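Everything below concerns the one structure shown next.
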Amino acid sequence: MILVTGSAGFIGAHAAKRLLELGHSIIGIDNMNDYYSVQLKKDRLTLLTHEHYSFEQIDLANRDEVQHIFKTYQPTTVIHLAAQAGVRYSLENPHAYITSNIVGFMNILEACRHHQVEHLIYASSSSVYGMNTKMPFSVHDNVDHPVSLYAATKKANELMAHTYSHLYGLPTTGLRFFTVYGPWGRPDMALFRFTKAILDGKPIKLYNNGDMKRDFTYIDDIVEGMIRLIDLPPAPTPQWDAHSADPGTSSAPYHIYNIGSNKPIKLMDFVTALENKLGIKAKKDFLPFQDGDVQITYADVQDLMKKVGYQPNTPLQHGIGKFVDWYKEYYGFT
């Protein structure tokens with residue numbers, strides 16, 4: 001039995017769907033909060049209608065509810081994707097990030113510890129790289145200068161996971177996601193916002209005057225890399241040296257991986273690809289750099305490639321095309 005937290009979310013729904021296709025039994029949980037459209041979350045859940053899928057609406061911040069789920073379903077693997085997402089929203093509502101990303105993750109760790117979970121895979125984020133300027137971003141570099149509370153909570157999750165791996169031998173794998181996009185995506189993400197604005201005849205907002213690069217990664221590539229890790233819980237790194245500690249590995253059963261496309265795309269090229277698919281020229285509103293943002297993300301994915309043969313191979317035009325086709329069908333554009 002695999003527990004997928006945040007199974008009504010973008011990545012969670014895709015991951016649960018793929019796991020069901022592979023023959024796994026899934027228990028999905030989600031608090032169905034209204035950070036964005038609850039109806040979109042409900043509609044994602046229709047993708048998971050299956051005899052081997054069960055869903056429970058609970059809040060991870062409720063310790064008793066989390067323990068009840070683990071006691072009832074006895075999952076052997078946990079894929080923890082639930083979180084309060086969004087860099088910019090963390091400037092407006094910081095307390096939501098502590099409740100969901102810190103308290104909620106604490107409850108997951110405790111439940112995994114007490115119910116002999118064999119492998120915890122959890123979502124971290126490329127945001128942890130913060131003020132790092134060395135490219136590409138590597139899990140073997142320190143990430144001690146976050147620039148948003150969201151990033152700080154994800155860094156905290158990595159530290160919390162390491163503690164449980166060290167103290168209790170819980171195998172934990174952290175995945176630093178890089179700008180995931182695709183059908184059923186989040187309305188607060190760039191591709192969704194841009195598509196909506198262009199089809200509505202409104203300007204798209206381009207921060208830092210559009211001078212940004214992102215390691216855009218298609219959802220299917222993300223899910224494939226994640227699923228390949230399920231049966232490969234980390235082991236302690238041989239000859240790990242505390243005097244020259246490698247942040248991506250440990251003397252405990254703990255590992256961190258970047259999961260991205262390994263190919264940063266200029267934001268303006270991303271917009272052009274979207275314009276070409278829609279056949280509409282976007283109106284553009286060029287704005288200053290935003291607090292909490294970073295100018296470029298670029299994933300070094302060598303570790304994941306060596307571990308599971310991870311090879312993201314979805315061309316940008318194809319990925320954008322799949323999203324736009326979904327968006328038009330879902331929202332009734334002809």
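Following the order of the structure tokens, chains are lettered A, B, ..., residues in each are numbered from 1, and ligands are numbered from 1.
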
List every residue of segment 118-185 of chain A that has an atom at most 6 Å from any atom of segment 284-301 of chain A, and for each one report the closest atom pair and its distance in Å to one decimal, counting only C-alpha atoms, with rows sorted by chain and then by increasing residue number, as CSV.
```
residue,atom,partner,partner_atom,distance
A:Pro136,CA,A:Tyr298,CA,5.0
A:Phe137,CA,A:Ala299,CA,5.2
A:Ser138,CA,A:Asp300,CA,5.3
A:Val147,CA,A:Gly292,CA,5.0
A:Ser148,CA,A:Gly292,CA,4.7
```

N, CA, C and O atoms of the current selection, written as a CSV table (one decimal), in the first residue's frame:
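The new file out_6.csv reads:
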```csv
chain,number,residue,atom,x,y,z
A,136,PRO,N,25.2,24.5,-12.9
A,136,PRO,CA,23.8,24.2,-12.5
A,136,PRO,C,23.7,24.0,-11.0
A,136,PRO,O,24.7,23.7,-10.3
A,137,PHE,N,22.5,24.1,-10.4
A,137,PHE,CA,22.3,23.9,-9.0
A,137,PHE,C,22.6,22.4,-8.7
A,137,PHE,O,22.0,21.5,-9.4
A,138,SER,N,23.4,22.2,-7.7
A,138,SER,CA,23.8,20.8,-7.3
A,138,SER,C,23.3,20.5,-5.9
A,138,SER,O,23.5,21.3,-5.0
A,147,VAL,N,15.4,32.7,0.1
A,147,VAL,CA,14.9,34.1,-0.1
A,147,VAL,C,13.4,34.2,0.1
A,147,VAL,O,12.8,35.2,-0.3
A,148,SER,N,12.7,33.1,0.5
A,148,SER,CA,11.3,33.1,0.8
A,148,SER,C,11.0,32.2,1.9
A,148,SER,O,11.8,31.2,2.2
```

Taking a cut-off of 7 Å and counting only C-alpha atoms, can you build a table that, for each residue of segment 163-232 of chain A near segment 316-328 of chain A, reports the nearest atom pair and how far apart they are in Å (one decimal), sorted by chain then residue number, as JSON lines?
```
{"residue": "A:Gly182", "atom": "CA", "partner": "A:Phe323", "partner_atom": "CA", "distance": 5.0}
{"residue": "A:Pro183", "atom": "CA", "partner": "A:Phe323", "partner_atom": "CA", "distance": 4.4}
{"residue": "A:Tyr218", "atom": "CA", "partner": "A:Gly319", "partner_atom": "CA", "distance": 6.1}
```

Legend entry - Residue nearest Gly169 of chain A among A:Leu149, A:Val117, A:Leu60, A:Met106 (counting only C-alpha atoms):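 With only C-alpha atoms as the atom set, the closest residue is A:Val117.
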
Inset, instruction - Go through A:Ser251, A:Ser261, A:Asn208, A:Gln57 one by one, measure the shortest atom-to-atom distance of each to Pro312 of chain A using only C-alpha atoms, and give the residue with the smallest value. - result: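 Smallest separation from Pro312 of chain A among the options: A:Ser261.
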
Legend entry - Shell around Met1 of chain A at 8 Å using only C-alpha atoms, local window under 4 positions removed, as a list in words: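 That gives His24, Ser25, Ile26, Ile27, Tyr73, Gln74, Pro75, Thr76 and Thr77 of chain A.
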
Using C-alpha atoms, can you export the residues from the last selection as a CSV table (one decimal), in the first residue's frame?
```
chain,number,residue,atom,x,y,z
A,24,HIS,CA,-0.3,-0.4,-7.0
A,25,SER,CA,-3.0,0.1,-4.3
A,26,ILE,CA,-3.2,3.7,-3.2
A,27,ILE,CA,-4.5,5.6,-0.3
A,73,TYR,CA,-4.1,1.5,6.0
A,74,GLN,CA,-0.6,0.5,7.1
A,75,PRO,CA,1.2,2.0,4.1
A,76,THR,CA,4.7,0.6,3.4
A,77,THR,CA,5.7,3.6,1.2
```

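Closest approach to Asp59 of chain A among A:Thr5, A:Gln302, A:Ser90, A:Asn258 is made by A:Thr5 (distances from only C-alpha atoms).
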
Legend entry - Contact residues around Ala161 of chain A with only C-alpha atoms at 9 Å, ignoring same-chain residues under 2 positions, as a list in words: Phe105, Met106, Leu109, Leu120, Tyr122, Ala156, Asn157, Glu158, Leu159, Thr163, Tyr164, Ser165, His166, Leu170, Pro171, Thr172, Thr173, Gly174 and Tyr254 of chain A

Okay, now the selection with N, CA, C and O atoms, as a compact mmCIF listing (two decimals), in the first residue's frame?
```
# COMPACT_ATOMS: atom_id res chain seq x y z
N PHE A 105 4.42 18.11 8.09
CA PHE A 105 5.53 17.19 7.80
C PHE A 105 6.00 16.48 9.07
O PHE A 105 6.37 15.31 9.05
N MET A 106 5.99 17.21 10.17
CA MET A 106 6.34 16.58 11.45
C MET A 106 5.42 15.40 11.74
O MET A 106 5.87 14.32 12.17
N LEU A 109 6.36 12.45 9.52
CA LEU A 109 7.58 11.79 10.00
C LEU A 109 7.30 10.90 11.21
O LEU A 109 7.77 9.75 11.27
N LEU A 120 10.15 6.82 2.74
CA LEU A 120 9.44 8.09 2.64
C LEU A 120 10.09 8.92 1.54
O LEU A 120 11.27 9.27 1.62
N TYR A 122 9.63 12.54 -0.32
CA TYR A 122 8.92 13.79 -0.03
C TYR A 122 9.36 14.89 -0.99
O TYR A 122 10.47 14.87 -1.54
N ALA A 156 13.81 23.24 5.74
CA ALA A 156 13.54 22.66 7.06
C ALA A 156 13.06 21.21 6.94
O ALA A 156 13.45 20.35 7.74
N ASN A 157 12.25 20.93 5.93
CA ASN A 157 11.79 19.56 5.71
C ASN A 157 12.97 18.62 5.47
O ASN A 157 13.00 17.49 5.99
N GLU A 158 13.94 19.06 4.70
CA GLU A 158 15.12 18.24 4.45
C GLU A 158 15.89 17.96 5.75
O GLU A 158 16.34 16.84 6.00
N LEU A 159 16.01 18.98 6.58
CA LEU A 159 16.71 18.81 7.85
C LEU A 159 15.93 17.90 8.80
O LEU A 159 16.52 17.06 9.49
N THR A 163 17.09 14.16 10.31
CA THR A 163 17.07 13.82 11.73
C THR A 163 16.41 12.46 11.96
O THR A 163 16.92 11.63 12.71
N TYR A 164 15.29 12.23 11.28
CA TYR A 164 14.58 10.95 11.45
C TYR A 164 15.33 9.79 10.80
O TYR A 164 15.28 8.66 11.29
N SER A 165 16.01 10.07 9.71
CA SER A 165 16.85 9.03 9.11
C SER A 165 17.99 8.66 10.05
O SER A 165 18.32 7.47 10.23
N HIS A 166 18.57 9.66 10.69
CA HIS A 166 19.71 9.43 11.59
C HIS A 166 19.27 8.75 12.89
O HIS A 166 19.88 7.77 13.34
N LEU A 170 14.91 5.74 9.44
CA LEU A 170 13.85 5.88 8.45
C LEU A 170 14.47 6.29 7.11
O LEU A 170 15.04 7.37 7.00
N PRO A 171 14.35 5.46 6.07
CA PRO A 171 14.89 5.84 4.75
C PRO A 171 14.08 6.98 4.14
O PRO A 171 12.86 6.85 3.95
N THR A 172 14.73 8.10 3.87
CA THR A 172 14.03 9.26 3.32
C THR A 172 14.73 9.75 2.05
O THR A 172 15.95 9.84 2.00
N THR A 173 13.94 10.06 1.06
CA THR A 173 14.43 10.62 -0.20
C THR A 173 13.72 11.93 -0.47
O THR A 173 12.49 11.97 -0.58
N GLY A 174 14.49 13.01 -0.56
CA GLY A 174 13.93 14.32 -0.87
C GLY A 174 14.12 14.65 -2.34
O GLY A 174 15.20 14.41 -2.90
N TYR A 254 19.57 8.47 3.88
CA TYR A 254 19.00 9.77 3.50
C TYR A 254 19.65 10.21 2.20
O TYR A 254 20.87 10.07 2.03
```

Can you check which residues of segment 168-230 of chain A DSSP gives as alpha helix (DSSP H) on the backbone and send them as a CSV table (one decimal) with N, CA and C atoms, in the first residue's frame?
```csv
chain,number,residue,atom,x,y,z
A,168,TYR,N,16.3,7.2,13.7
A,168,TYR,CA,15.4,6.1,13.7
A,168,TYR,C,15.6,5.1,12.5
A,190,ALA,N,3.0,29.8,-13.8
A,190,ALA,CA,3.2,30.7,-15.0
A,190,ALA,C,2.4,30.3,-16.2
A,191,LEU,N,2.5,29.0,-16.6
A,191,LEU,CA,1.8,28.6,-17.8
A,191,LEU,C,0.3,28.7,-17.7
A,192,PHE,N,-0.2,28.4,-16.6
A,192,PHE,CA,-1.7,28.5,-16.4
A,192,PHE,C,-2.1,29.9,-16.4
A,193,ARG,N,-1.4,30.8,-15.7
A,193,ARG,CA,-1.7,32.2,-15.6
A,193,ARG,C,-1.6,32.9,-17.0
A,194,PHE,N,-0.5,32.5,-17.7
A,194,PHE,CA,-0.3,33.1,-19.0
A,194,PHE,C,-1.4,32.7,-20.0
A,195,THR,N,-1.7,31.4,-20.0
A,195,THR,CA,-2.7,30.9,-20.9
A,195,THR,C,-4.1,31.6,-20.7
A,196,LYS,N,-4.4,31.6,-19.4
A,196,LYS,CA,-5.7,32.3,-19.1
A,196,LYS,C,-5.7,33.7,-19.5
A,197,ALA,N,-4.7,34.5,-19.2
A,197,ALA,CA,-4.6,35.9,-19.6
A,197,ALA,C,-4.7,36.1,-21.1
A,198,ILE,N,-3.9,35.3,-21.8
A,198,ILE,CA,-3.9,35.5,-23.3
A,198,ILE,C,-5.3,35.2,-23.9
A,199,LEU,N,-5.9,34.1,-23.4
A,199,LEU,CA,-7.2,33.7,-24.0
A,199,LEU,C,-8.3,34.7,-23.6
A,219,ILE,N,5.3,17.3,-16.4
A,219,ILE,CA,4.8,16.5,-15.3
A,219,ILE,C,5.1,15.0,-15.5
A,220,ASP,N,5.0,14.5,-16.7
A,220,ASP,CA,5.3,13.0,-16.9
A,220,ASP,C,6.7,12.7,-16.6
A,221,ASP,N,7.7,13.6,-16.9
A,221,ASP,CA,9.1,13.3,-16.6
A,221,ASP,C,9.3,13.3,-15.1
A,222,ILE,N,8.6,14.2,-14.4
A,222,ILE,CA,8.7,14.3,-12.9
A,222,ILE,C,8.2,13.0,-12.3
A,223,VAL,N,7.0,12.5,-12.7
A,223,VAL,CA,6.4,11.4,-12.2
A,223,VAL,C,7.2,10.1,-12.4
A,224,GLU,N,7.8,10.0,-13.6
A,224,GLU,CA,8.6,8.8,-14.0
A,224,GLU,C,9.8,8.7,-13.1
A,225,GLY,N,10.5,9.9,-12.9
A,225,GLY,CA,11.7,9.8,-12.0
A,225,GLY,C,11.3,9.5,-10.6
A,226,MET,N,10.2,10.0,-10.1
A,226,MET,CA,9.8,9.7,-8.8
A,226,MET,C,9.5,8.3,-8.6
A,227,ILE,N,8.7,7.7,-9.5
A,227,ILE,CA,8.3,6.3,-9.3
A,227,ILE,C,9.4,5.3,-9.4
A,228,ARG,N,10.4,5.7,-10.2
A,228,ARG,CA,11.6,4.8,-10.3
A,228,ARG,C,12.3,4.6,-9.0
```

Legend entry - Exercise: Lys42 of chain A partners within 10 Å, only C-alpha atoms, chain neighbours under 3 positions left out, as a PyMOL selection string: chain A and resi 8-9+32+37-39+45-47

Restricting the output to C-alpha atoms, write the selected residues as a short mmCIF file (atom, residue, chain, number, x, y, z; two decimals), in the first residue's frame.
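So out01.cif came out as:
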```
data_model
loop_
_atom_site.label_atom_id
_atom_site.label_comp_id
_atom_site.auth_asym_id
_atom_site.auth_seq_id
_atom_site.Cartn_x
_atom_site.Cartn_y
_atom_site.Cartn_z
CA ALA A 8 -5.86 16.06 -5.27
CA GLY A 9 -2.93 18.32 -6.12
CA MET A 32 -8.90 20.22 -0.19
CA SER A 37 -10.06 26.20 -7.06
CA VAL A 38 -11.46 23.36 -4.96
CA GLN A 39 -13.47 22.28 -8.01
CA LEU A 45 -9.82 13.16 -8.15
CA THR A 46 -12.11 11.85 -10.88
CA LEU A 47 -8.95 10.71 -12.67
#
```

Legend entry - One-decimal distance in Å that lies between atom CA of Thr237 of chain A and atom CA of Ser250 of chain A: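 According to the coordinates, atom CA of Ser250 of chain A and atom CA of Thr237 of chain A are separated by 5.7 Å.
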
Legend entry - Which of A:Gly279, A:His114, A:Val103, A:Ala82 sits closest to His68 of chain A [using only C-alpha atoms]: A:His114

Inset, instruction - Can you list, as a ChimeraX atom specification, all residues belonging to segment 20-236 of chain A that DSSP tags as strand (DSSP E or B)? - result: /A:26-30,53-57,77-80,119-125,137,172-177,180-181,204-206,213-214,217-218

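Of the listed residues (A:Glu21, A:Asp303, A:Asp269, A:Asp30), A:Asp30 comes nearest to Phe55 of chain A; the distances count only C-alpha atoms.
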
Inset, instruction - Could you tell me how far atom CA of Lys213 of chain A lies from atom CA of Gly86 of chain A, in Å and to one decimal? - result: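 Atom-to-atom, atom CA of Lys213 of chain A to atom CA of Gly86 of chain A, that is 17.5 Å.
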
Inset, instruction - Identify which of the residues A:Phe178, A:Ile79, A:Ser124, A:Thr334 lies closest to Leu278 of chain A, counting only C-alpha atoms when measuring atom-to-atom distances. - result: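 Selected residue with least distance to Leu278 of chain A: A:Thr334.
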
Inset, instruction - Determine, counting only C-alpha atoms, which protein, DNA and RNA residues have an atom within 8 Å of an atom of Thr249 of chain A; residues of the same chain fewer than 6 positions away are not included. Present the result as a ChimeraX atom specification. - result: /A:140,236-237,240,255-256

Inset, instruction - Tell me which protein, DNA and RNA residues are within 6 Å of Ser126 of chain A, counting only C-alpha atoms, leaving out same-chain ones fewer than 2 positions away, and put them as an MDAnalysis selection string. - result: chainID A and resid 128:129 176:178

Preceding selection exported with N, CA and C atoms as a PDB file, in the first residue's frame:
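Okay, this is what ended up in again.pdb:
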```pdb
ATOM      1  N   VAL A 128      14.934  26.067  -2.600  1.00  0.00           N
ATOM      2  CA  VAL A 128      15.914  26.030  -1.508  1.00  0.00           C
ATOM      3  C   VAL A 128      17.253  26.612  -1.929  1.00  0.00           C
ATOM      4  N   TYR A 129      17.515  26.688  -3.231  1.00  0.00           N
ATOM      5  CA  TYR A 129      18.812  27.209  -3.684  1.00  0.00           C
ATOM      6  C   TYR A 129      18.943  28.710  -3.469  1.00  0.00           C
ATOM      7  N   ARG A 176      13.932  17.710  -5.065  1.00  0.00           N
ATOM      8  CA  ARG A 176      13.839  19.148  -5.321  1.00  0.00           C
ATOM      9  C   ARG A 176      13.245  19.357  -6.711  1.00  0.00           C
ATOM     10  N   PHE A 177      11.933  19.645  -6.748  1.00  0.00           N
ATOM     11  CA  PHE A 177      11.236  19.835  -8.014  1.00  0.00           C
ATOM     12  C   PHE A 177      11.602  21.178  -8.637  1.00  0.00           C
ATOM     13  N   PHE A 178      11.731  21.180  -9.963  1.00  0.00           N
ATOM     14  CA  PHE A 178      12.036  22.384 -10.723  1.00  0.00           C
ATOM     15  C   PHE A 178      10.869  22.713 -11.655  1.00  0.00           C
TER      16      PHE A 178
END
```
